[in-house]
$ cat protein-v1.csv   # CSV, C-alpha atoms and all ligand atoms
chain,number,residue,atom,x,y,z
J,1,MET,CA,110.3,-71.6,120.2
J,2,SER,CA,107.6,-69.0,121.1
J,3,LYS,CA,104.8,-68.9,118.7
J,4,TYR,CA,102.9,-66.9,121.3
J,5,TYR,CA,105.6,-64.2,121.3
J,6,VAL,CA,105.8,-64.1,117.5
J,7,ASN,CA,102.0,-63.6,117.5
J,8,LYS,CA,102.4,-61.0,120.2
J,9,PHE,CA,104.8,-59.1,117.9
J,10,LEU,CA,102.4,-59.3,114.9
J,11,PHE,CA,99.4,-58.4,117.1
J,12,THR,CA,101.0,-55.4,118.8
J,13,VAL,CA,102.6,-54.0,115.7
J,14,ASP,CA,99.7,-54.4,113.2
J,15,ARG,CA,97.3,-52.5,115.5
J,16,ASN,CA,99.6,-49.5,116.1
J,17,PRO,CA,100.2,-47.1,113.2
J,18,ASP,CA,103.5,-45.8,114.7
J,19,TYR,CA,104.9,-49.3,115.3
J,20,LEU,CA,103.8,-50.4,111.9
J,21,ARG,CA,105.6,-47.5,110.2
J,22,ARG,CA,108.8,-48.2,112.1
J,23,TYR,CA,108.6,-51.9,111.3
J,24,THR,CA,108.1,-51.1,107.7
J,25,GLU,CA,110.9,-48.6,107.4
J,26,ASP,CA,113.7,-50.3,109.5
J,27,ALA,CA,112.7,-53.7,110.6
J,28,ARG,CA,116.0,-54.7,112.3
J,29,THR,CA,116.1,-51.6,114.5
J,30,PHE,CA,112.4,-51.9,115.3
J,31,VAL,CA,112.5,-55.6,116.2
J,32,ALA,CA,115.4,-54.8,118.7
J,33,THR,CA,113.3,-52.0,120.2
J,34,TRP,CA,110.3,-54.3,120.4
J,35,GLU,CA,112.2,-57.0,122.2
J,36,GLN,CA,113.7,-54.6,124.7
J,37,SER,CA,110.7,-52.5,125.6
J,38,ILE,CA,107.5,-53.4,123.9
J,39,GLY,CA,107.3,-57.2,123.9
J,40,PRO,CA,107.9,-57.7,127.6
J,41,ARG,CA,105.0,-55.4,128.6
J,42,LEU,CA,102.2,-57.3,130.3
J,43,ASN,CA,100.2,-54.1,130.8
J,44,ASP,CA,100.8,-50.4,131.5
J,45,ALA,CA,102.4,-51.1,134.8
J,46,GLU,CA,103.7,-54.7,134.8
J,47,MET,CA,106.5,-56.4,132.9
J,48,SER,CA,106.6,-60.1,131.9
J,49,SER,CA,109.8,-62.2,132.0
J,50,VAL,CA,108.3,-65.3,130.3
J,51,HIS,CA,109.0,-65.2,126.5
J,52,SER,CA,111.7,-64.5,124.1
J,53,PHE,CA,112.4,-65.1,120.4
J,54,THR,CA,114.6,-67.9,119.0
J,55,GLU,CA,117.2,-66.7,116.5
J,56,ALA,CA,115.1,-68.1,113.6
J,57,GLU,CA,112.0,-66.2,114.8
J,58,ARG,CA,113.9,-63.0,115.2
J,59,GLU,CA,115.4,-63.3,111.6
J,60,ALA,CA,112.0,-64.1,110.1
J,61,LEU,CA,110.5,-61.0,111.7
J,62,ILE,CA,113.5,-58.8,110.6
J,63,ASN,CA,113.2,-60.1,107.1
J,64,HIS,CA,109.4,-59.7,106.8
J,65,ASP,CA,109.6,-63.4,106.0
J,66,TYR,CA,105.9,-64.5,106.0
J,67,VAL,CA,106.8,-67.8,104.5
J,68,ALA,CA,109.0,-68.7,107.4
J,69,LEU,CA,106.5,-67.3,109.8
J,70,PHE,CA,103.8,-69.5,108.3
J,71,GLU,CA,106.1,-72.5,108.6
J,72,MET,CA,106.7,-71.8,112.3
J,73,GLY,CA,102.9,-71.8,112.9
J,74,ALA,CA,102.4,-68.0,113.3
J,75,HIS,CA,98.7,-67.3,113.2
J,76,PHE,CA,97.6,-67.1,109.6
J,77,PHE,CA,95.3,-64.1,110.2
J,78,LEU,CA,98.0,-62.0,111.9
J,79,ASN,CA,100.7,-63.1,109.5
J,80,LEU,CA,98.5,-62.0,106.5
J,81,THR,CA,97.1,-58.8,107.9
J,82,ILE,CA,100.3,-57.1,108.9
J,83,PHE,CA,102.0,-57.8,105.6
J,84,ILE,CA,99.0,-56.6,103.7
J,85,GLY,CA,99.4,-53.4,105.8
J,86,ILE,CA,103.0,-53.2,104.7
J,87,TYR,CA,102.9,-54.4,101.0
J,88,ASP,CA,99.4,-54.1,99.6
J,89,GLU,CA,99.7,-50.6,98.2
J,90,VAL,CA,103.2,-51.1,96.8
J,91,PHE,CA,102.1,-54.2,94.9
J,92,MET,CA,98.8,-52.7,93.9
J,93,ALA,CA,100.5,-49.7,92.3
J,94,LYS,CA,102.7,-52.0,90.3
J,95,SER,CA,100.5,-55.0,89.5
J,96,GLY,CA,96.9,-54.2,90.4
J,97,PRO,CA,94.5,-55.3,93.1
J,98,LEU,CA,95.3,-58.4,95.2
J,99,ALA,CA,98.8,-58.7,93.7
J,100,PHE,CA,100.4,-59.0,97.1
J,101,GLN,CA,97.9,-61.5,98.3
J,102,LYS,CA,98.4,-63.7,95.2
J,103,GLU,CA,102.2,-63.5,95.6
J,104,PHE,CA,101.9,-64.5,99.2
J,105,ALA,CA,99.8,-67.6,98.1
J,106,LEU,CA,102.2,-68.4,95.3
J,107,ARG,CA,105.2,-68.5,97.7
J,108,LEU,CA,103.3,-71.1,99.9
J,109,GLN,CA,102.3,-73.4,97.0
J,110,ASP,CA,104.5,-76.3,98.4
J,111,TRP,CA,102.0,-76.5,101.3
J,112,ARG,CA,98.9,-76.7,99.2
J,113,ASP,CA,98.1,-80.4,99.6
J,114,LYS,CA,99.8,-80.9,103.0
J,115,ASP,CA,98.6,-80.3,106.6
J,116,TYR,CA,99.7,-76.8,107.5
J,117,PRO,CA,101.9,-76.2,110.5
J,118,SER,CA,99.6,-75.9,113.6
J,119,VAL,CA,98.7,-72.4,114.8
J,120,ALA,CA,97.9,-73.8,118.3
J,121,THR,CA,99.8,-72.0,121.1
S,1,MET,CA,57.8,-62.8,126.8
S,2,ALA,CA,60.1,-61.5,124.1
S,3,GLN,CA,59.5,-62.8,120.6
S,4,LEU,CA,62.2,-64.0,118.2
S,5,VAL,CA,61.1,-62.6,114.9
S,6,ALA,CA,64.0,-63.6,112.6
S,7,THR,CA,67.3,-65.5,112.6
S,8,LEU,CA,69.8,-64.3,110.0
S,9,ALA,CA,73.1,-66.1,109.2
S,10,SER,CA,75.4,-64.8,106.6
S,11,THR,CA,79.0,-64.5,105.5
S,12,HIS,CA,80.7,-61.2,106.5
S,13,HIS,CA,82.8,-59.8,103.7
S,14,PRO,CA,84.7,-56.8,104.9
S,15,PHE,CA,85.1,-55.3,101.5
S,16,TYR,CA,81.4,-55.0,100.7
S,17,LEU,CA,81.2,-51.3,101.7
S,18,LYS,CA,84.3,-50.4,99.7
S,19,ALA,CA,83.3,-52.5,96.7
S,20,THR,CA,79.9,-50.9,96.4
S,21,THR,CA,80.8,-47.3,97.2
S,22,LEU,CA,83.8,-46.8,94.9
S,23,PRO,CA,83.1,-44.5,91.9
S,24,PRO,CA,81.2,-46.8,89.3
S,25,GLU,CA,84.1,-46.9,86.9
S,26,GLN,CA,86.4,-48.4,89.6
S,27,GLN,CA,83.9,-51.0,90.8
S,28,MET,CA,84.4,-54.7,90.3
S,29,PRO,CA,82.0,-56.2,87.7
S,30,GLN,CA,79.9,-57.9,90.4
S,31,ALA,CA,79.4,-54.9,92.6
S,32,ALA,CA,75.9,-54.0,91.3
S,33,GLU,CA,74.7,-57.6,91.7
S,34,TRP,CA,76.2,-57.9,95.1
S,35,LYS,CA,74.5,-54.7,96.2
S,36,ARG,CA,71.2,-55.9,94.9
S,37,LYS,CA,71.5,-59.2,96.7
S,38,VAL,CA,72.4,-57.5,100.0
S,39,GLU,CA,69.6,-55.0,99.8
S,40,ALA,CA,67.1,-57.8,99.1
S,41,TYR,CA,68.5,-59.7,102.1
S,42,ARG,CA,68.2,-56.5,104.2
S,43,GLU,CA,64.5,-56.5,103.5
S,44,THR,CA,64.1,-60.0,105.2
S,45,LEU,CA,65.1,-58.3,108.5
S,46,ALA,CA,63.3,-55.0,108.0
S,47,ARG,CA,59.9,-56.6,107.4
S,48,THR,CA,60.0,-58.2,110.9
S,49,LYS,CA,60.3,-54.8,112.6
S,50,PRO,CA,62.8,-55.9,115.3
S,51,ASP,CA,63.5,-53.8,118.5
S,52,ILE,CA,66.8,-55.5,119.6
S,53,LEU,CA,69.5,-57.3,117.7
S,54,VAL,CA,71.3,-60.3,119.3
S,55,MET,CA,74.5,-60.3,117.2
S,56,ILE,CA,76.9,-63.2,117.0
S,57,GLY,CA,80.4,-62.7,115.6
S,58,SER,CA,84.0,-63.5,116.3
S,59,ASP,CA,86.8,-61.1,117.2
S,60,HIS,CA,89.7,-61.3,114.8
S,61,PHE,CA,92.5,-60.5,117.3
S,62,HIS,CA,91.3,-57.0,117.8
S,63,GLN,CA,90.3,-56.8,121.4
S,64,ILE,CA,90.9,-60.5,122.3
S,65,PHE,CA,94.4,-62.0,122.1
S,66,LEU,CA,96.2,-65.1,123.1
S,67,ASP,CA,97.0,-63.8,126.6
S,68,ASN,CA,93.4,-64.2,127.6
S,69,CYS,CA,91.2,-66.0,125.1
S,70,PRO,CA,87.6,-66.9,125.9
S,71,GLN,CA,85.7,-69.5,123.9
S,72,PHE,CA,82.4,-67.6,124.3
S,73,LEU,CA,81.9,-64.0,125.5
S,74,ILE,CA,79.0,-61.7,125.9
S,75,GLY,CA,79.1,-57.9,125.9
S,76,LYS,CA,77.4,-56.1,128.8
S,77,ALA,CA,77.8,-52.4,128.2
S,78,PRO,CA,75.6,-49.4,127.6
S,79,ARG,CA,77.2,-48.9,124.2
S,80,TYR,CA,79.9,-50.4,122.0
S,81,ASP,CA,82.6,-48.6,120.0
S,82,ALA,CA,83.4,-50.3,116.8
S,83,ILE,CA,86.1,-50.8,114.2
S,84,PHE,CA,89.8,-50.9,115.0
S,85,TYR,CA,92.6,-48.9,113.2
S,86,ASN,CA,93.8,-51.9,111.3
S,87,GLU,CA,90.3,-52.6,110.0
S,88,GLU,CA,89.8,-49.1,108.8
S,89,ARG,CA,93.2,-49.3,107.1
S,90,GLU,CA,92.6,-52.6,105.4
S,91,PHE,CA,88.9,-52.5,104.6
S,92,GLY,CA,88.0,-48.8,104.6
S,93,ILE,CA,85.2,-49.4,107.2
S,94,PRO,CA,84.5,-46.3,109.2
S,95,LYS,CA,84.1,-46.1,113.0
S,96,TYR,CA,80.7,-46.9,114.5
S,97,VAL,CA,79.0,-46.6,117.9
S,98,LEU,CA,76.3,-49.2,118.7
S,99,GLU,CA,73.8,-48.8,121.5
S,100,GLY,CA,73.8,-51.7,124.0
S,101,ASP,CA,71.0,-53.2,126.0
S,102,GLU,CA,72.4,-53.9,129.4
S,103,ALA,CA,69.1,-55.4,130.7
S,104,MET,CA,69.0,-58.0,127.9
S,105,SER,CA,72.7,-58.7,128.0
S,106,GLY,CA,72.4,-59.3,131.8
S,107,PHE,CA,69.4,-61.6,131.3
S,108,MET,CA,71.1,-63.5,128.5
S,109,HIS,CA,74.3,-64.0,130.4
S,110,GLN,CA,72.5,-65.3,133.5
S,111,HIS,CA,70.2,-67.6,131.4
S,112,LEU,CA,73.2,-69.0,129.5
S,113,MET,CA,75.0,-69.6,132.8
S,114,ASP,CA,72.0,-71.4,134.1
S,115,GLN,CA,72.0,-73.6,131.0
S,116,ASP,CA,75.7,-74.5,131.8
S,117,PHE,CA,77.3,-72.3,129.2
S,118,ASP,CA,80.0,-70.6,131.3
S,119,PHE,CA,80.3,-67.4,129.4
S,120,ALA,CA,83.1,-64.9,129.7
S,121,PHE,CA,81.9,-61.3,129.7
S,122,SER,CA,83.1,-57.8,128.9
S,123,ASN,CA,81.9,-54.5,130.2
S,124,GLU,CA,84.0,-52.6,127.8
S,125,LEU,CA,83.9,-54.3,124.4
S,126,LYS,CA,85.0,-52.7,121.2
S,127,ILE,CA,83.4,-54.5,118.3
S,128,ASP,CA,85.1,-55.5,115.1
S,129,HIS,CA,84.0,-56.1,111.5
S,130,SER,CA,82.4,-59.5,112.3
S,131,ILE,CA,79.5,-57.6,113.8
S,132,ILE,CA,79.8,-54.3,111.9
S,133,CYS,CA,79.7,-56.0,108.5
S,134,PRO,CA,76.1,-57.2,109.1
S,135,ILE,CA,75.2,-53.8,110.5
S,136,ILE,CA,76.4,-52.4,107.2
S,137,THR,CA,74.5,-55.0,105.1
S,138,VAL,CA,71.3,-55.6,107.0
S,139,ARG,CA,70.8,-52.5,109.3
S,140,PRO,CA,72.9,-49.7,107.9
S,141,GLN,CA,70.8,-47.1,109.8
S,142,ASN,CA,72.3,-48.6,113.0
S,143,ASP,CA,69.2,-47.6,115.0
S,144,LEU,CA,68.7,-50.6,117.3
S,145,PRO,CA,70.4,-51.7,120.5
S,146,VAL,CA,72.5,-54.8,120.3
S,147,VAL,CA,73.5,-57.7,122.5
S,148,PRO,CA,76.9,-58.8,121.2
S,149,ILE,CA,78.1,-62.4,121.5
S,150,TYR,CA,81.6,-63.5,120.5
S,151,THR,CA,82.7,-67.0,119.7
S,152,ASN,CA,86.3,-68.3,119.3
S,153,ILE,CA,86.7,-69.6,115.7
S,154,PHE,CA,90.4,-68.6,115.5
S,155,ALA,CA,92.6,-69.8,118.3
S,156,PRO,CA,92.6,-73.6,118.8
S,157,PRO,CA,91.4,-75.7,120.5
S,158,LEU,CA,87.9,-74.6,119.4
S,159,ALA,CA,84.6,-75.9,120.7
S,160,SER,CA,83.0,-78.7,118.7
S,161,PRO,CA,80.4,-78.2,116.0
S,162,ARG,CA,77.8,-79.8,118.3
S,163,ARG,CA,78.7,-77.4,121.1
S,164,PHE,CA,78.1,-74.4,118.7
S,165,TYR,CA,74.7,-75.9,117.7
S,166,ASN,CA,73.8,-76.4,121.4
S,167,LEU,CA,74.8,-72.9,122.2
S,168,GLY,CA,72.5,-71.6,119.5
S,169,ARG,CA,69.7,-73.6,121.0
S,170,ALA,CA,70.5,-72.1,124.4
S,171,ILE,CA,70.5,-68.6,123.0
S,172,ARG,CA,67.1,-69.3,121.5
S,173,LYS,CA,65.8,-70.5,124.9
S,174,ALA,CA,67.1,-67.3,126.5
S,175,ILE,CA,65.5,-65.1,123.9
S,176,ASP,CA,62.2,-66.9,124.3
S,177,ALA,CA,62.4,-66.6,128.1
S,178,TYR,CA,63.2,-62.9,128.2
S,179,PRO,CA,60.5,-61.1,130.1
S,180,SER,CA,59.8,-58.2,127.7
S,181,ASP,CA,57.5,-57.4,124.9
S,182,LYS,CA,60.4,-56.6,122.6
S,183,ARG,CA,60.8,-58.1,119.1
S,184,ILE,CA,64.2,-59.8,118.9
S,185,ALA,CA,66.2,-60.6,115.8
S,186,ALA,CA,69.3,-62.8,116.0
S,187,ILE,CA,72.0,-62.1,113.4
S,188,GLY,CA,75.2,-64.1,113.1
S,189,THR,CA,78.1,-64.1,110.7
S,190,GLY,CA,80.8,-66.5,109.7
S,191,HIS,CA,82.3,-68.0,106.6
S,192,LEU,CA,81.9,-70.9,104.2
S,193,SER,CA,85.2,-72.3,102.9
S,194,LEU,CA,87.9,-69.7,103.4
S,195,GLU,CA,91.7,-69.5,103.3
S,196,LEU,CA,93.7,-66.6,104.8
S,197,GLY,CA,97.4,-66.4,104.9
S,198,GLY,CA,97.8,-69.7,103.2
S,199,PRO,CA,98.5,-71.2,99.7
S,200,ARG,CA,94.8,-71.3,98.7
S,201,GLN,CA,94.0,-67.7,99.5
S,202,PHE,CA,92.5,-65.2,97.0
S,203,MET,CA,91.8,-67.7,94.2
S,204,GLU,CA,89.0,-67.2,91.7
S,205,THR,CA,86.7,-69.1,94.0
S,206,GLY,CA,86.8,-70.1,97.6
S,207,PRO,CA,89.2,-72.8,98.5
S,208,ASP,CA,86.5,-75.5,98.5
S,209,PRO,CA,83.5,-74.8,96.2
S,210,GLU,CA,82.1,-78.3,96.7
S,211,PHE,CA,82.0,-77.7,100.5
S,212,ASP,CA,80.3,-74.3,99.9
S,213,HIS,CA,77.5,-75.9,97.8
S,214,ARG,CA,77.0,-78.7,100.3
S,215,ALA,CA,77.0,-76.3,103.2
S,216,ILE,CA,74.4,-74.1,101.5
S,217,GLU,CA,72.1,-77.1,101.0
S,218,TRP,CA,72.5,-78.3,104.6
S,219,LEU,CA,71.5,-74.8,105.9
S,220,ARG,CA,68.7,-74.5,103.3
S,221,ASN,CA,67.2,-77.7,104.6
S,222,GLY,CA,68.0,-77.1,108.3
S,223,ASP,CA,69.8,-80.4,108.2
S,224,ILE,CA,71.8,-80.4,111.4
S,225,ASP,CA,72.3,-84.1,111.3
S,226,ALA,CA,74.1,-83.9,108.0
S,227,ILE,CA,76.3,-81.1,109.3
S,228,LEU,CA,77.3,-82.9,112.4
S,229,ASP,CA,77.9,-86.1,110.4
S,230,ASN,CA,80.1,-84.3,107.9
S,231,VAL,CA,81.8,-81.4,109.6
S,232,ASP,CA,84.6,-81.5,112.2
S,233,HIS,CA,87.7,-79.4,112.8
S,234,ALA,CA,89.9,-81.5,110.6
S,235,SER,CA,87.4,-81.4,107.7
S,236,MET,CA,87.0,-77.7,108.0
S,237,ALA,CA,90.8,-77.2,107.9
S,238,LYS,CA,90.9,-79.3,104.7
S,239,SER,CA,88.4,-76.9,103.2
S,240,GLY,CA,90.5,-73.9,104.0
S,241,ASN,CA,92.4,-72.8,107.1
S,242,ALA,CA,89.8,-70.2,108.1
S,243,THR,CA,86.8,-72.3,107.3
S,244,HIS,CA,86.1,-72.7,111.1
S,245,GLY,CA,84.0,-69.5,110.7
S,246,PHE,CA,81.3,-72.0,109.5
S,247,LEU,CA,80.9,-72.8,113.2
S,248,ASN,CA,78.9,-69.6,113.5
S,249,PHE,CA,76.5,-70.8,110.8
S,250,ILE,CA,76.0,-74.0,112.9
S,251,LEU,CA,75.3,-71.8,115.9
S,252,MET,CA,72.7,-69.8,114.0
S,253,LEU,CA,71.0,-72.9,112.8
S,254,GLY,CA,70.7,-73.8,116.6
S,255,VAL,CA,69.0,-70.4,117.2
S,256,ALA,CA,66.6,-71.0,114.3
S,257,GLY,CA,66.0,-74.7,115.1
S,258,PRO,CA,66.5,-77.6,112.6
S,259,GLU,CA,64.1,-76.2,110.0
S,260,GLY,CA,64.4,-75.2,106.4
S,261,ALA,CA,65.4,-71.6,105.8
S,262,ASP,CA,62.8,-69.2,104.5
S,263,TYR,CA,65.3,-67.2,102.5
S,264,VAL,CA,68.5,-68.4,100.8
S,265,ASP,CA,70.7,-66.5,98.5
S,266,ASN,CA,74.4,-66.7,97.5
S,267,LEU,CA,77.0,-65.1,95.3
S,268,ASP,CA,80.2,-66.5,94.0
S,269,LEU,CA,82.8,-63.8,94.5
S,270,PHE,CA,86.6,-63.8,94.0
S,271,HIS,CA,88.1,-66.0,96.8
S,272,THR,CA,84.9,-66.7,98.7
S,273,MET,CA,81.3,-67.7,98.4
S,274,GLU,CA,78.9,-65.2,99.9
S,275,ALA,CA,75.7,-66.7,101.4
S,276,TYR,CA,72.6,-65.2,103.1
S,277,PHE,CA,70.0,-67.1,105.1
S,278,THR,CA,66.9,-66.1,107.0
S,279,TRP,CA,64.6,-68.2,109.1
S,280,TYR,CA,61.3,-67.1,110.5
S,281,PRO,CA,60.3,-68.9,113.7
S,282,LYS,CA,57.4,-71.4,113.4
S,283,GLU,CA,57.2,-72.1,117.1
S,284,SER,CA,59.1,-71.3,120.3
S,285,ALA,CA,62.0,-73.5,121.4
S,286,ALA,CA,61.2,-73.4,125.1
J,301,FE,FE,86.1,-62.9,109.3

$ encode --input "protein-v1.csv" --output "structure tokens"
Amino acid sequence: MSKYYVNKFLFTVDRNPDYLRRYTEDARTFVATWEQSIGPRLNDAEMSSVHSFTEAEREALINHDYVALFEMGAHFFLNLTIFIGIYDEVFMAKSGPLAFQKEFALRLQDWRDKDYPSVAT
Amino acid sequence: MAQLVATLASTHHPFYLKATTLPPEQQMPQAAEWKRKVEAYRETLARTKPDILVMIGSDHFHQIFLDNCPQFLIGKAPRYDAIFYNEEREFGIPKYVLEGDEAMSGFMHQHLMDQDFDFAFSNELKIDHSIICPIITVRPQNDLPVVPIYTNIFAPPLASPRRFYNLGRAIRKAIDAYPSDKRIAAIGTGHLSLELGGPRQFMETGPDPEFDHRAIEWLRNGDIDAILDNVDHASMAKSGNATHGFLNFILMLGVAGPEGADYVDNLDLFHTMEAYFTWYPKESAA
């Protein structure tokens, strides 16, 4: 398991309008590209060989599955912000302000009175 | 020596600007009241005529990430760009450029190191909404140089509440010791109970209104003992997964000293309690 690498995915994609668009339009292709050439980047010149996704992490990212990502301990701020970026306007047009945020909360209701999965990395 | 003229601690609500500048017919019902409260709060800073702002906030994974994550960091740069693409996208906050004050940043850094606070630093720091939100609310003309300080309230393990308070005390000592005739205001932002990316987010109130009311009373009374007796990382998590932003309020109480606040206001908004505190110094901490 690499919570760090999942967070790195969310962090690098949320901050980059081109990546975010590609992840929105075709998540499966974009996740493959990210694993091949974006995720391993340490900086402009250096590559890192340290991290990789588990199958479950890869599937959760491909499926925009924020519930699974929450349950794996992805950081709550990154997990929320990126999917607001993808879904806020669509939900707002259909159901009004904060509709996506409320749906997100609703789908996590089983966790309400439990200790949440740790976001420590 | 420099003079601390005011300590401000408030929540930072990234939607304030958007909520209060939409066409009136699209504004939320509380927008006018919110604007009134913020403008009254702004006056608590303006009347002290500050020359430099020491600003305490927390990067939300904008410049700082988990590959290199400092607990406490000070900016030391001639100026600071502000607001990242994803904040513009989500909150509608425009870009800013803030003037820095390298002399005071350098003095502050050394003084904090001498007090055993081993700060990380950055000579090229882009600032996020945790510091721009208070610029928008209390100094929208953005006409003063800043010394930015970032705390980690996001990536565990976090420093203890006591450490945040003691850091506030140390920042106060550094301000009091700064050899300058400048008037300094310290402005920090954080959160009361808050949930983000969890089952209690975006409810009608914050996730723990009872905590919010107790926290406001503790700060109103400057009651650091009650805070340290009642607040730890586990209790904050119970009040909402992003409640650790309260640590910055504890830090600001450290800057002010354990005294009652001179100005207290709050506003119950959807999903969060807004709160605004100002302390005027009675005596120096040194
Ligand atoms: Fe925040």

$ closest_atom_pairs --input "protein-v1.csv" --of "chain S" --to "ligand FE 301 (chain J)" --cutoff "8 Å" --atoms "only C-alpha atoms and all ligand atoms" --output "tab-separated table"
residue	atom	partner	partner_atom	distance
S:His12	CA	J:FE301	FE	6.3
S:His13	CA	J:FE301	FE	7.2
S:Pro14	CA	J:FE301	FE	7.7
S:Ser58	CA	J:FE301	FE	7.3
S:His60	CA	J:FE301	FE	6.8
S:His129	CA	J:FE301	FE	7.4
S:Ser130	CA	J:FE301	FE	5.9
S:Gly190	CA	J:FE301	FE	6.4
S:His191	CA	J:FE301	FE	6.9
S:Gly245	CA	J:FE301	FE	7.1

$ closest_residue --input "protein-v1.csv" --among "S:Asn68, S:Ser122, S:Gln115, S:Asn166" --to "chain J" --atoms "all atoms listed in the file"
S:Asn68

$ atom_distance --input "protein-v1.csv" --atom1 "atom CA of Asp262 of chain S" --atom2 "atom CA of Val38 of chain S"
15.8 Å

$ closest_atom_pairs --input "protein-v1.csv" --of "chain S" --to "chain J" --cutoff "6 Å" --atoms "only C-alpha atoms" --output "tab-separated table"
residue	atom	partner	partner_atom	distance
S:Asn86	CA	J:Arg15	CA	5.5
S:Pro156	CA	J:Ala120	CA	5.3
S:Gly197	CA	J:Phe76	CA	4.8
S:Gly198	CA	J:Ala105	CA	5.9
S:Pro199	CA	J:Ala105	CA	4.1
S:Gln201	CA	J:Ala105	CA	6.0

$ residues_around --input "protein-v1.csv" --residues "Ala27 of chain J" --least-positions-apart "4" --cutoff "6 Å" --atoms "only C-alpha atoms" --output "tab-separated table (two decimals) with C-alpha atoms, keeping the file's coordinate frame"
chain	number	residue	atom	x	y	z
J	23	TYR	CA	108.60	-51.90	111.30
J	31	VAL	CA	112.50	-55.60	116.20
J	62	ILE	CA	113.50	-58.80	110.60

$ atom_distance --input "protein-v1.csv" --atom1 "atom CA of Glu59 of chain J" --atom2 "atom CA of Phe100 of chain J"
21.3 Å

$ residues_near_point --input "protein-v1.csv" --point "(91.1, -52.4, 102.1)" --cutoff "9 Å" --atoms "all atoms listed in the file" --output "PDB file with C-alpha atoms, in the coordinates of the input"
ATOM      1  CA  ASP J  88      99.400 -54.100  99.600  1.00  0.00           C
TER       2      ASP J  88
ATOM      3  CA  PRO S  14      84.700 -56.800 104.900  1.00  0.00           C
ATOM      4  CA  PHE S  15      85.100 -55.300 101.500  1.00  0.00           C
ATOM      5  CA  LYS S  18      84.300 -50.400  99.700  1.00  0.00           C
ATOM      6  CA  GLU S  87      90.300 -52.600 110.000  1.00  0.00           C
ATOM      7  CA  GLU S  88      89.800 -49.100 108.800  1.00  0.00           C
ATOM      8  CA  ARG S  89      93.200 -49.300 107.100  1.00  0.00           C
ATOM      9  CA  GLU S  90      92.600 -52.600 105.400  1.00  0.00           C
ATOM     10  CA  PHE S  91      88.900 -52.500 104.600  1.00  0.00           C
ATOM     11  CA  GLY S  92      88.000 -48.800 104.600  1.00  0.00           C
ATOM     12  CA  ILE S  93      85.200 -49.400 107.200  1.00  0.00           C
TER      13      ILE S  93
END

$ residues_around --input "protein-v1.csv" --residues "Thr44 of chain S" --least-positions-apart "4" --cutoff "9 Å" --atoms "only C-alpha atoms" --output "PyMOL selection string"
chain S and resi 6+8+40+48+138+263+278

$ atom_distance --input "protein-v1.csv" --atom1 "atom CA of Val6 of chain J" --atom2 "atom CA of Pro207 of chain S"
26.7 Å

$ closest_residue --input "protein-v1.csv" --among "S:Leu66, S:Leu53, S:Cys133, S:Ala31" --to "Phe9 of chain J" --atoms "all atoms listed in the file"
S:Leu66

$ axis_aligned_box --input "protein-v1.csv" --around "segment 91-103 of chain J" --padding-each-side "8 Å" --output "lines of an AutoDock Vina configuration file"
center_x = 98.6
center_y = -56.7
center_z = 93.9
size_x = 24.2
size_y = 30.0
size_z = 24.8

$ closest_residue --input "protein-v1.csv" --among "S:Ala159, S:Phe249, S:Phe61, S:Asp268" --to "Glu204 of chain S" --atoms "all atoms listed in the file"
S:Asp268
